[in-house]
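Comments concern the structure below.
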Amino acid sequence: MRLLCCCSALLLLILIPRACQGGNILVLPIEGSHWVNMDVLLQALHEKGHSLTILRSSKSWYIKEKSSYYDSFTVQVERSLDQKFITKIIKEVIDFERGALPLISFLHTSVGMIGTFVDAHEAVGDFVRGVLDDTELLKKLKDSEFDLVLTDPGWGGGVILAKYLNIPLVYNVRWLLIREAHHGIAPSPLSYIPITGSGNTDKMTFWQRVKNVALHLVTETQNHIVSQTYQKITNKYLGPGLDYKELILDADIWLMRADFVFEFPRPTMPNFIYMGGFQCKPAKPLPEHLEEFVQSSGEHGVILMSLGTFVSELPADMTDEIAAAFAKLPQKVIWRHKGDKPASLGNNTLLVDWMPQNDILGHPKIKLFVGHGGTNGVQEAMYHGVPVVGLPLFFDQYDNLLRLKERGGAEILSLQTVDKDDNFLKTVQRVLTEPSYRMNMQRLSRLHRDTPLKPLDNALFWIEFVIRHKGAAHLKAQSFKMPWYSYHSFDVFLFLGGVLLLVLLIVFMLIRCLYNRMCKRKMKHD
């Protein structure tokens with residue numbers, strides 16, 4: 001009898017459908033550091049039993065064709081955002097920024113580089129066309145019956161493919177083409193929400209607000225120009241009746257790579273899910289040669305320097321200045337550097353092509369992180385409570401570091417001043433010796449970790465939510481379908497203003513008529 005009951009219970013467990021069976025997910029990722037954090041999400045989805053298929057370029061830089069946890073389709077293209085393309089842009093930015101005045105630098109970034117941005121998105125457009133013109137590949141994609149498309153909308157191709165295949169759409173997002181994603185759909189009052197690149201915080205003076213509005217207009221113009229690349233593709237493959245700028249805002253769930261320990265407080269939306277630091281995790285033991293080097297630092301500890309996945313080396317004179325500064329410190333230094341060995345390199349500095357950044361930042365002997373301000377590195381430093389000296393190079397990096405500086409956990413250097421008057425050495429020594437930097441970063445770490453659900457688990461839940469319910473339409477505000485004048489109620493104000501003017505005109509006419517009648521009666525009486 002007991003055996004029969006056990007068999008019946010087992011049969012029931014087999015027959016009862018699971019809350020969320022493994023989904024079938026199509027992924028359109030981005031190269032470089034964006035792939036690094038997307039890869040973390042994909043591995044976690046694979047571990048939960050989901051089937052993953054990636055669309056990649058034949059000139060892909062980071063994304064491998066073969067993997068143990070995803071399948072892939074490779075799209076043949078003539079051009080792509082490969083390492084050569086990205087490295088060329090970065091070198092031009094560094095060379096220009098070192099000698100430019102602030103106003104010239106602003107004009108170069110906002111106006112001078114718009115052609116480069118358009119070229120980059122045109123290359124992504126070629127990839128999208130390659131997919132949509134390949135009838136055999138399209139048939140395979142349709143026959144696969146995907147449950148959702150997961151993409152990073154920093155490049156704009158994924159949304160077009162999701163619409164073409166009529167599949168729910170989930171974003172792994174920080175950037176929406178040119179602008180920060182919040183500004184695409186969430187209410188964003190310019191009086192206290194800084195535009196990326198402004199260098200403003202959420203506490204602005206009048207002139208900072210003027211700068212914020214001006215930069216907002218520039219950013220919106222850039223976004224309009226870049227989106228025209230994708231509008232042409234939309235017109236050709238989806239029909240001329242669709243506006244791409246509305247289409248890109250119509251995602252079901254936005255998995256935001258930020259949280260409000262890091263981000264300035266601001267309005268948000270119900271389908272924005274915050275997963276800042278989802279790629280961070282407790283440190284694992286270091287490889288033997290690195291552990292030996294770290295332990296040799298004694299009580300002084302270790303400094304880690306890395307400028308991210310895109311920057312292999314700095315100009316030689318700047319590199320020599322940084323190496324000479326490190327040589328004067330009692331700490332040991334691990335420096336991710338792929339260029340020529342600096343002439344002034346000290347015995348305390350180890351150059352490496354690659355290192356386990358998260359694991360070093362989580363090591364008890366780590367004292368300082370010198371980084372460029374990329375989102376991944378900044379969030380890993382915050383997770384582990386490590387103070388930062390930042391050397392931002394481009395895009396959002398200064399703004400990321402500014403958020404840490406405002407909270408007392410970082411100092412920021414510029415390309416123009418890093419190699420002058422011992423600025424680098426003085427700044428590093430100040431952050432090393434002043435206890436408040438470490439205390440503030442450790443406070444941020446405690447706040448970041450004190451959540452009911454880990455960021456990665458939160459992201460996985462909402463991806464599976466979309467699979468279970470075939471979308472999340474009930475969370476999407478319809479504001480993105482409204483023209484700007486309706487969104488801001490300008491048409492209503494104009495209407496009410498017209499009504500008010502009409503009422504005043506009628507009152508004026510009535511008063512005038514009464515006045516004229518009274519005057520006529522008075523004249524007759526006289």
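We name chains A, B, ... following the order of the structure tokens; residues begin at 1 in each chain, and ligands are numbered from 1 as shown.
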Review point. So which residues touch segment 332-345 of chain A within 7 Å, counting only C-alpha atoms, skipping near sequence neighbours fewer than 6 positions away, as a ChimeraX atom specification?
Key: /A:297,301-306,312-313,319-320,323-324,351-354
Filtering to C-alpha atoms, could you give me those residues as a tab-separated table (two decimals), in the first residue's frame?
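Once written, again.tsv looks like this:
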```tsv
chain	number	residue	atom	x	y	z
A	297	SER	CA	52.49	42.75	-0.56
A	301	GLY	CA	48.17	45.45	0.19
A	302	VAL	CA	47.47	45.57	-3.54
A	303	ILE	CA	46.26	48.07	-6.13
A	304	LEU	CA	44.39	46.85	-9.21
A	305	MET	CA	44.40	48.87	-12.44
A	306	SER	CA	42.28	48.04	-15.48
A	312	SER	CA	44.50	47.82	-24.53
A	313	GLU	CA	46.98	50.64	-23.88
A	319	THR	CA	51.78	55.04	-19.42
A	320	ASP	CA	55.31	55.90	-18.30
A	323	ALA	CA	54.18	53.38	-14.07
A	324	ALA	CA	56.60	55.80	-12.40
A	351	LEU	CA	51.63	43.53	-16.00
A	352	VAL	CA	49.01	41.01	-17.13
A	353	ASP	CA	46.95	40.47	-20.30
A	354	TRP	CA	43.98	39.28	-18.27
```
Members of segment 99-277 of chain A assigned alpha helix (DSSP H) by DSSP, as a compact mmCIF listing (two decimals) with N, CA, C and O atoms, in the first residue's frame:
```txt
# COMPACT_ATOMS: atom_id res chain seq x y z
N GLY A 99 44.38 67.18 -25.49
CA GLY A 99 44.78 68.55 -25.76
C GLY A 99 43.63 69.52 -25.95
O GLY A 99 43.85 70.68 -26.29
N PRO A 102 37.60 72.29 -22.65
CA PRO A 102 36.30 71.67 -22.35
C PRO A 102 35.23 71.92 -23.42
O PRO A 102 34.52 71.01 -23.81
N LEU A 103 35.10 73.17 -23.89
CA LEU A 103 34.08 73.48 -24.89
C LEU A 103 34.36 72.75 -26.19
O LEU A 103 33.45 72.19 -26.82
N ILE A 104 35.64 72.72 -26.61
CA ILE A 104 36.00 72.03 -27.86
C ILE A 104 35.75 70.53 -27.71
O ILE A 104 35.26 69.88 -28.63
N SER A 105 36.06 70.01 -26.54
CA SER A 105 35.82 68.58 -26.28
C SER A 105 34.33 68.26 -26.38
O SER A 105 33.93 67.25 -26.97
N PHE A 106 33.50 69.15 -25.80
CA PHE A 106 32.05 68.95 -25.86
C PHE A 106 31.56 68.97 -27.30
O PHE A 106 30.77 68.11 -27.72
N LEU A 107 32.02 69.94 -28.09
CA LEU A 107 31.59 70.04 -29.48
C LEU A 107 32.06 68.83 -30.29
O LEU A 107 31.34 68.33 -31.15
N ILE A 114 29.28 62.55 -34.48
CA ILE A 114 27.99 62.00 -34.86
C ILE A 114 28.11 61.13 -36.11
O ILE A 114 27.43 60.12 -36.24
N GLY A 115 29.02 61.52 -37.02
CA GLY A 115 29.25 60.69 -38.21
C GLY A 115 29.78 59.32 -37.86
O GLY A 115 29.39 58.31 -38.46
N THR A 116 30.65 59.26 -36.85
CA THR A 116 31.19 57.97 -36.39
C THR A 116 30.09 57.11 -35.78
O THR A 116 30.02 55.90 -36.02
N PHE A 117 29.21 57.75 -34.98
CA PHE A 117 28.09 57.01 -34.39
C PHE A 117 27.17 56.44 -35.48
O PHE A 117 26.74 55.29 -35.41
N VAL A 118 26.89 57.26 -36.49
CA VAL A 118 26.02 56.80 -37.58
C VAL A 118 26.67 55.62 -38.32
O VAL A 118 26.00 54.64 -38.63
N ASP A 119 27.97 55.71 -38.58
CA ASP A 119 28.68 54.61 -39.25
C ASP A 119 28.58 53.33 -38.45
O ASP A 119 28.38 52.24 -39.00
N ALA A 120 28.73 53.46 -37.12
CA ALA A 120 28.64 52.27 -36.26
C ALA A 120 27.26 51.63 -36.35
O ALA A 120 27.13 50.41 -36.48
N HIS A 121 26.22 52.46 -36.29
CA HIS A 121 24.86 51.92 -36.35
C HIS A 121 24.52 51.42 -37.76
O HIS A 121 23.71 50.49 -37.90
N GLU A 122 25.13 52.00 -38.78
CA GLU A 122 24.95 51.48 -40.13
C GLU A 122 25.52 50.06 -40.24
O GLU A 122 24.94 49.20 -40.92
N ALA A 123 26.64 49.82 -39.56
CA ALA A 123 27.21 48.47 -39.54
C ALA A 123 26.26 47.48 -38.87
O ALA A 123 26.09 46.34 -39.34
N VAL A 124 25.62 47.92 -37.78
CA VAL A 124 24.61 47.07 -37.13
C VAL A 124 23.43 46.86 -38.07
O VAL A 124 22.87 45.77 -38.15
N GLY A 125 23.05 47.92 -38.81
CA GLY A 125 21.97 47.80 -39.78
C GLY A 125 22.27 46.77 -40.85
O GLY A 125 21.37 46.02 -41.28
N ASP A 126 23.53 46.68 -41.27
CA ASP A 126 23.92 45.66 -42.25
C ASP A 126 23.69 44.25 -41.69
O ASP A 126 23.27 43.34 -42.41
N PHE A 127 23.98 44.10 -40.41
CA PHE A 127 23.76 42.80 -39.76
C PHE A 127 22.28 42.44 -39.76
O PHE A 127 21.89 41.31 -40.07
N VAL A 128 21.43 43.41 -39.42
CA VAL A 128 19.98 43.16 -39.39
C VAL A 128 19.48 42.81 -40.79
O VAL A 128 18.68 41.88 -40.96
N ARG A 129 19.94 43.54 -41.79
CA ARG A 129 19.54 43.24 -43.17
C ARG A 129 20.00 41.83 -43.57
O ARG A 129 19.29 41.11 -44.28
N GLY A 130 21.21 41.48 -43.10
CA GLY A 130 21.71 40.14 -43.40
C GLY A 130 20.81 39.05 -42.86
O GLY A 130 20.63 38.00 -43.49
N VAL A 131 20.24 39.28 -41.67
CA VAL A 131 19.31 38.31 -41.08
C VAL A 131 18.01 38.27 -41.88
O VAL A 131 17.52 37.21 -42.28
N LEU A 132 17.43 39.44 -42.14
CA LEU A 132 16.10 39.51 -42.75
C LEU A 132 16.11 39.18 -44.24
O LEU A 132 15.06 38.87 -44.81
N THR A 135 16.47 34.00 -46.30
CA THR A 135 15.20 33.28 -46.17
C THR A 135 15.37 31.95 -45.43
O THR A 135 14.48 31.55 -44.66
N GLU A 136 16.49 31.30 -45.63
CA GLU A 136 16.72 30.01 -44.94
C GLU A 136 16.87 30.23 -43.44
O GLU A 136 16.30 29.48 -42.63
N LEU A 137 17.63 31.26 -43.06
CA LEU A 137 17.80 31.55 -41.64
C LEU A 137 16.48 31.98 -41.02
O LEU A 137 16.13 31.54 -39.91
N LEU A 138 15.71 32.81 -41.72
CA LEU A 138 14.42 33.25 -41.19
C LEU A 138 13.48 32.07 -40.96
O LEU A 138 12.74 32.03 -39.97
N LYS A 139 13.51 31.11 -41.87
CA LYS A 139 12.67 29.92 -41.70
C LYS A 139 13.07 29.16 -40.44
O LYS A 139 12.21 28.71 -39.67
N LYS A 140 14.38 29.02 -40.21
CA LYS A 140 14.85 28.34 -39.01
C LYS A 140 14.41 29.09 -37.75
O LYS A 140 14.01 28.47 -36.76
N LEU A 141 14.49 30.42 -37.79
CA LEU A 141 14.09 31.22 -36.63
C LEU A 141 12.60 31.07 -36.36
O LEU A 141 12.17 30.94 -35.20
N LYS A 142 11.78 31.08 -37.42
CA LYS A 142 10.34 30.94 -37.24
C LYS A 142 9.98 29.54 -36.76
O LYS A 142 9.11 29.37 -35.88
N ASP A 143 10.64 28.53 -37.32
CA ASP A 143 10.35 27.15 -36.92
C ASP A 143 10.79 26.86 -35.49
O ASP A 143 10.27 25.92 -34.86
N GLY A 157 19.13 46.71 -33.41
CA GLY A 157 18.60 45.70 -34.32
C GLY A 157 17.64 44.72 -33.71
O GLY A 157 16.73 44.21 -34.37
N GLY A 158 17.81 44.41 -32.41
CA GLY A 158 17.02 43.36 -31.78
C GLY A 158 15.54 43.64 -31.79
O GLY A 158 14.71 42.74 -31.99
N VAL A 159 15.15 44.90 -31.61
CA VAL A 159 13.73 45.25 -31.55
C VAL A 159 13.05 45.01 -32.91
O VAL A 159 11.90 44.60 -32.96
N ILE A 160 13.78 45.25 -34.00
CA ILE A 160 13.20 45.04 -35.34
C ILE A 160 12.95 43.56 -35.56
O ILE A 160 11.89 43.16 -36.06
N LEU A 161 13.90 42.74 -35.18
CA LEU A 161 13.74 41.29 -35.37
C LEU A 161 12.62 40.75 -34.48
O LEU A 161 11.85 39.88 -34.91
N ALA A 162 12.52 41.23 -33.24
CA ALA A 162 11.45 40.78 -32.34
C ALA A 162 10.09 41.12 -32.94
O ALA A 162 9.16 40.30 -32.89
N LYS A 163 9.95 42.32 -33.50
CA LYS A 163 8.69 42.72 -34.11
C LYS A 163 8.40 41.89 -35.36
O LYS A 163 7.26 41.48 -35.59
N TYR A 164 9.42 41.62 -36.16
CA TYR A 164 9.25 40.83 -37.38
C TYR A 164 8.77 39.41 -37.05
O TYR A 164 7.90 38.86 -37.73
N LEU A 165 9.34 38.83 -35.99
CA LEU A 165 8.97 37.47 -35.59
C LEU A 165 7.76 37.45 -34.66
O LEU A 165 7.27 36.37 -34.31
N HIS A 182 16.57 55.43 -19.23
CA HIS A 182 15.48 56.09 -18.51
C HIS A 182 14.86 57.22 -19.33
O HIS A 182 13.65 57.43 -19.31
N HIS A 183 15.71 57.96 -20.03
CA HIS A 183 15.24 59.14 -20.75
C HIS A 183 14.37 58.78 -21.95
O HIS A 183 13.72 59.65 -22.52
N GLY A 184 14.37 57.50 -22.33
CA GLY A 184 13.53 57.10 -23.44
C GLY A 184 12.06 57.04 -23.09
O GLY A 184 11.20 57.40 -23.90
N ILE A 185 11.75 56.61 -21.84
CA ILE A 185 10.34 56.35 -21.53
C ILE A 185 9.92 56.80 -20.14
O ILE A 185 8.74 57.09 -19.91
N PHE A 206 21.53 77.05 -11.30
CA PHE A 206 20.80 77.53 -12.48
C PHE A 206 21.59 77.26 -13.76
O PHE A 206 21.04 76.74 -14.74
N TRP A 207 22.88 77.59 -13.77
CA TRP A 207 23.67 77.42 -14.99
C TRP A 207 23.89 75.95 -15.31
O TRP A 207 24.01 75.58 -16.48
N GLN A 208 23.95 75.11 -14.30
CA GLN A 208 24.03 73.67 -14.57
C GLN A 208 22.75 73.15 -15.19
O GLN A 208 22.77 72.28 -16.06
N ARG A 209 21.61 73.74 -14.77
CA ARG A 209 20.34 73.35 -15.40
C ARG A 209 20.26 73.82 -16.84
O ARG A 209 19.72 73.15 -17.70
N VAL A 210 20.83 75.00 -17.10
CA VAL A 210 20.91 75.49 -18.48
C VAL A 210 21.73 74.51 -19.33
O VAL A 210 21.34 74.12 -20.44
N LYS A 211 22.87 74.11 -18.79
CA LYS A 211 23.72 73.14 -19.49
C LYS A 211 23.00 71.81 -19.69
O LYS A 211 23.10 71.18 -20.75
N ASN A 212 22.24 71.39 -18.69
CA ASN A 212 21.52 70.13 -18.76
C ASN A 212 20.49 70.14 -19.88
O ASN A 212 20.36 69.19 -20.65
N VAL A 213 19.74 71.24 -19.98
CA VAL A 213 18.73 71.35 -21.03
C VAL A 213 19.38 71.39 -22.40
O VAL A 213 18.92 70.74 -23.35
N ALA A 214 20.48 72.15 -22.52
CA ALA A 214 21.18 72.24 -23.81
C ALA A 214 21.68 70.86 -24.25
O ALA A 214 21.53 70.47 -25.42
N LEU A 215 22.26 70.12 -23.30
CA LEU A 215 22.77 68.80 -23.65
C LEU A 215 21.64 67.83 -23.97
O LEU A 215 21.78 66.94 -24.82
N HIS A 216 20.51 68.00 -23.30
CA HIS A 216 19.34 67.19 -23.61
C HIS A 216 18.91 67.39 -25.06
O HIS A 216 18.62 66.42 -25.79
N LEU A 217 18.89 68.64 -25.52
CA LEU A 217 18.51 68.93 -26.90
C LEU A 217 19.51 68.32 -27.89
O LEU A 217 19.12 67.77 -28.92
N VAL A 218 20.80 68.39 -27.54
CA VAL A 218 21.83 67.78 -28.39
C VAL A 218 21.64 66.27 -28.46
O VAL A 218 21.70 65.65 -29.54
N THR A 219 21.40 65.65 -27.30
CA THR A 219 21.23 64.19 -27.24
C THR A 219 20.02 63.74 -28.03
O THR A 219 20.06 62.73 -28.75
N GLU A 220 18.91 64.48 -27.90
CA GLU A 220 17.71 64.13 -28.64
C GLU A 220 17.93 64.27 -30.15
O GLU A 220 17.43 63.46 -30.94
N THR A 221 18.70 65.27 -30.56
CA THR A 221 19.03 65.43 -31.98
C THR A 221 19.88 64.26 -32.47
O THR A 221 19.63 63.69 -33.54
N GLN A 222 20.89 63.89 -31.67
CA GLN A 222 21.72 62.73 -32.03
C GLN A 222 20.87 61.47 -32.14
O GLN A 222 21.02 60.68 -33.08
N ASN A 223 19.97 61.28 -31.17
CA ASN A 223 19.12 60.09 -31.17
C ASN A 223 18.24 60.05 -32.42
O ASN A 223 18.05 58.99 -33.02
N HIS A 224 17.71 61.21 -32.82
CA HIS A 224 16.87 61.26 -34.02
C HIS A 224 17.68 60.89 -35.26
O HIS A 224 17.21 60.12 -36.11
N ILE A 225 18.91 61.42 -35.36
CA ILE A 225 19.74 61.14 -36.53
C ILE A 225 20.08 59.66 -36.61
O ILE A 225 19.96 59.02 -37.67
N VAL A 226 20.50 59.08 -35.48
CA VAL A 226 20.89 57.67 -35.46
C VAL A 226 19.69 56.76 -35.74
O VAL A 226 19.79 55.76 -36.46
N SER A 227 18.52 57.10 -35.18
CA SER A 227 17.34 56.24 -35.34
C SER A 227 16.88 56.17 -36.80
O SER A 227 16.18 55.22 -37.18
N GLN A 228 17.28 57.15 -37.62
CA GLN A 228 16.88 57.10 -39.03
C GLN A 228 17.50 55.90 -39.74
O GLN A 228 16.93 55.39 -40.71
N THR A 229 18.67 55.46 -39.28
CA THR A 229 19.28 54.24 -39.82
C THR A 229 18.34 53.06 -39.67
O THR A 229 18.13 52.28 -40.62
N TYR A 230 17.73 52.93 -38.51
CA TYR A 230 16.84 51.81 -38.25
C TYR A 230 15.44 52.05 -38.81
O TYR A 230 14.72 51.09 -39.10
N GLN A 231 15.07 53.32 -38.98
CA GLN A 231 13.76 53.61 -39.58
C GLN A 231 13.70 53.11 -41.02
O GLN A 231 12.68 52.59 -41.47
N LYS A 232 14.82 53.23 -41.75
CA LYS A 232 14.86 52.73 -43.13
C LYS A 232 14.64 51.21 -43.16
O LYS A 232 13.92 50.70 -44.02
N ILE A 233 15.26 50.51 -42.21
CA ILE A 233 15.09 49.06 -42.14
C ILE A 233 13.66 48.71 -41.75
O ILE A 233 13.05 47.79 -42.29
N THR A 234 13.11 49.47 -40.80
CA THR A 234 11.73 49.27 -40.38
C THR A 234 10.78 49.46 -41.55
O THR A 234 9.86 48.64 -41.76
N ASN A 235 10.96 50.52 -42.32
CA ASN A 235 10.09 50.77 -43.47
C ASN A 235 10.15 49.63 -44.48
O ASN A 235 9.12 49.23 -45.04
N LYS A 236 11.35 49.09 -44.70
CA LYS A 236 11.52 48.06 -45.72
C LYS A 236 10.93 46.72 -45.30
O LYS A 236 10.27 46.04 -46.09
N TYR A 237 11.16 46.32 -44.05
CA TYR A 237 10.81 44.96 -43.63
C TYR A 237 9.54 44.87 -42.79
O TYR A 237 8.95 43.80 -42.70
N TYR A 244 9.99 53.81 -35.80
CA TYR A 244 11.01 53.06 -35.06
C TYR A 244 11.20 53.61 -33.65
O TYR A 244 11.42 52.85 -32.70
N LYS A 245 11.10 54.93 -33.48
CA LYS A 245 11.32 55.53 -32.16
C LYS A 245 10.24 55.11 -31.16
O LYS A 245 10.47 55.10 -29.96
N GLU A 246 9.06 54.74 -31.65
CA GLU A 246 8.03 54.16 -30.79
C GLU A 246 8.29 52.67 -30.59
O GLU A 246 8.12 52.13 -29.49
N LEU A 247 8.72 52.03 -31.65
CA LEU A 247 8.94 50.58 -31.62
C LEU A 247 9.98 50.19 -30.57
O LEU A 247 9.81 49.23 -29.82
```
**Study point:** Close residues, Lys476 of chain A itself excluded, 10 Å, only C-alpha atoms, min 6 positions apart in chain, as a PyMOL selection string
**Key:** chain A and resi 249-253+269-272
Selection to disk with C-alpha atoms, as a PDB file, in the first residue's frame:
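Wrote result_28.pdb, looks like this:
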```
ATOM      1  CA  LEU A 249      10.197  51.791 -26.485  1.00  0.00           C
ATOM      2  CA  ASP A 250       7.703  48.916 -26.694  1.00  0.00           C
ATOM      3  CA  ALA A 251       9.712  46.270 -24.812  1.00  0.00           C
ATOM      4  CA  ASP A 252       7.876  44.147 -22.246  1.00  0.00           C
ATOM      5  CA  ILE A 253      10.550  44.232 -19.536  1.00  0.00           C
ATOM      6  CA  MET A 269       8.292  52.784 -14.740  1.00  0.00           C
ATOM      7  CA  PRO A 270       6.499  49.564 -13.669  1.00  0.00           C
ATOM      8  CA  ASN A 271       8.265  47.424 -16.292  1.00  0.00           C
ATOM      9  CA  PHE A 272      11.743  48.678 -15.262  1.00  0.00           C
TER      10      PHE A 272
END
```
Exercise for review: Just list the residues in segment 254-442 of chain A DSSP gives strand (DSSP E) on the backbone, as number ranges by chain.
Suggested key: A: 254-256, 272-274, 302-306, 332-336, 349-352, 366-371, 388-390, 410-412
Mind dumping the selected residues with N, CA and C atoms as a short mmCIF file (atom, residue, chain, number, x, y, z; two decimals), in the first residue's frame?
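again-v1.cif, written as the output of this step:
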```
data_model
loop_
_atom_site.label_atom_id
_atom_site.label_comp_id
_atom_site.auth_asym_id
_atom_site.auth_seq_id
_atom_site.Cartn_x
_atom_site.Cartn_y
_atom_site.Cartn_z
N TRP A 254 12.27 45.86 -19.04
CA TRP A 254 13.58 46.50 -19.15
C TRP A 254 14.41 46.10 -17.93
N LEU A 255 15.38 45.23 -18.11
CA LEU A 255 16.27 44.84 -17.02
C LEU A 255 17.40 45.87 -16.95
N MET A 256 17.28 46.79 -16.01
CA MET A 256 18.19 47.93 -15.92
C MET A 256 19.46 47.57 -15.15
N PHE A 272 10.31 48.55 -15.48
CA PHE A 272 11.74 48.68 -15.26
C PHE A 272 12.13 47.83 -14.06
N ILE A 273 12.97 46.84 -14.28
CA ILE A 273 13.43 45.95 -13.22
C ILE A 273 14.92 46.22 -13.00
N TYR A 274 15.29 46.58 -11.77
CA TYR A 274 16.66 46.99 -11.50
C TYR A 274 17.51 45.80 -11.06
N VAL A 302 47.36 45.61 -2.08
CA VAL A 302 47.47 45.57 -3.54
C VAL A 302 46.57 46.62 -4.17
N ILE A 303 47.06 47.18 -5.27
CA ILE A 303 46.26 48.07 -6.13
C ILE A 303 45.99 47.33 -7.43
N LEU A 304 44.76 47.43 -7.91
CA LEU A 304 44.39 46.85 -9.21
C LEU A 304 44.12 47.98 -10.19
N MET A 305 44.70 47.89 -11.40
CA MET A 305 44.40 48.87 -12.44
C MET A 305 43.94 48.15 -13.70
N SER A 306 42.81 48.57 -14.21
CA SER A 306 42.28 48.04 -15.48
C SER A 306 41.43 49.11 -16.15
N LYS A 332 51.80 46.65 -3.80
CA LYS A 332 52.00 45.92 -5.05
C LYS A 332 50.86 46.31 -6.00
N VAL A 333 51.15 46.24 -7.30
CA VAL A 333 50.19 46.68 -8.31
C VAL A 333 50.00 45.58 -9.36
N ILE A 334 48.75 45.25 -9.64
CA ILE A 334 48.41 44.36 -10.76
C ILE A 334 47.76 45.24 -11.82
N TRP A 335 48.35 45.28 -13.00
CA TRP A 335 47.95 46.22 -14.05
C TRP A 335 47.63 45.44 -15.33
N ARG A 336 46.38 45.52 -15.76
CA ARG A 336 46.01 44.90 -17.03
C ARG A 336 46.48 45.82 -18.16
N THR A 349 55.21 46.21 -9.66
CA THR A 349 54.09 46.21 -10.59
C THR A 349 54.13 44.98 -11.51
N LEU A 350 53.01 44.27 -11.57
CA LEU A 350 52.87 43.09 -12.42
C LEU A 350 51.93 43.42 -13.58
N LEU A 351 52.45 43.32 -14.81
CA LEU A 351 51.63 43.53 -16.00
C LEU A 351 51.00 42.20 -16.43
N VAL A 352 49.71 42.22 -16.71
CA VAL A 352 49.01 41.01 -17.13
C VAL A 352 48.11 41.33 -18.32
N ILE A 366 43.15 43.79 -1.12
CA ILE A 366 42.94 44.86 -2.10
C ILE A 366 42.73 46.19 -1.38
N LYS A 367 43.43 47.23 -1.85
CA LYS A 367 43.34 48.55 -1.21
C LYS A 367 42.69 49.60 -2.11
N LEU A 368 42.84 49.43 -3.44
CA LEU A 368 42.39 50.48 -4.35
C LEU A 368 42.18 49.90 -5.74
N PHE A 369 41.17 50.44 -6.43
CA PHE A 369 40.92 50.08 -7.82
C PHE A 369 41.09 51.33 -8.68
N VAL A 370 42.01 51.26 -9.64
CA VAL A 370 42.19 52.34 -10.62
C VAL A 370 41.53 51.88 -11.91
N GLY A 371 40.44 52.55 -12.28
CA GLY A 371 39.67 52.09 -13.43
C GLY A 371 39.17 53.24 -14.28
N VAL A 388 37.92 53.91 -5.30
CA VAL A 388 38.26 53.99 -6.73
C VAL A 388 38.97 55.31 -7.04
N VAL A 389 40.00 55.22 -7.87
CA VAL A 389 40.54 56.38 -8.57
C VAL A 389 40.19 56.19 -10.04
N GLY A 390 39.41 57.12 -10.59
CA GLY A 390 38.88 56.95 -11.93
C GLY A 390 39.61 57.77 -12.97
N ALA A 410 35.23 57.82 -4.28
CA ALA A 410 36.12 57.86 -5.44
C ALA A 410 36.68 59.25 -5.66
N GLU A 411 37.77 59.32 -6.42
CA GLU A 411 38.30 60.56 -6.97
C GLU A 411 38.45 60.37 -8.48
N ILE A 412 38.36 61.48 -9.22
CA ILE A 412 38.37 61.41 -10.67
C ILE A 412 39.52 62.24 -11.23
#
```
Exercise for review: Please provide the set of residues having any atom within 7 Å of Phe424 of chain A, restricted to only C-alpha atoms, with same-chain residues fewer than 6 positions apart removed, written as a PyMOL selection string.
Suggested key: chain A and resi 322+325+418
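Between atom CA of Leu504 of chain A and atom CA of Lys520 of chain A lies a distance of 24.1 Å.
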Practice item. Find the residue from A:Phe262, A:Phe461, A:Phe480, A:Phe493 that sits nearest to Lys48 of chain A; use only C-alpha atoms when measuring. Key: A:Phe461
Review point. Quick one: distance from atom CA of Met318 of chain A to atom CA of Asp419 of chain A in Å, one decimal?
Key: 5.8 Å
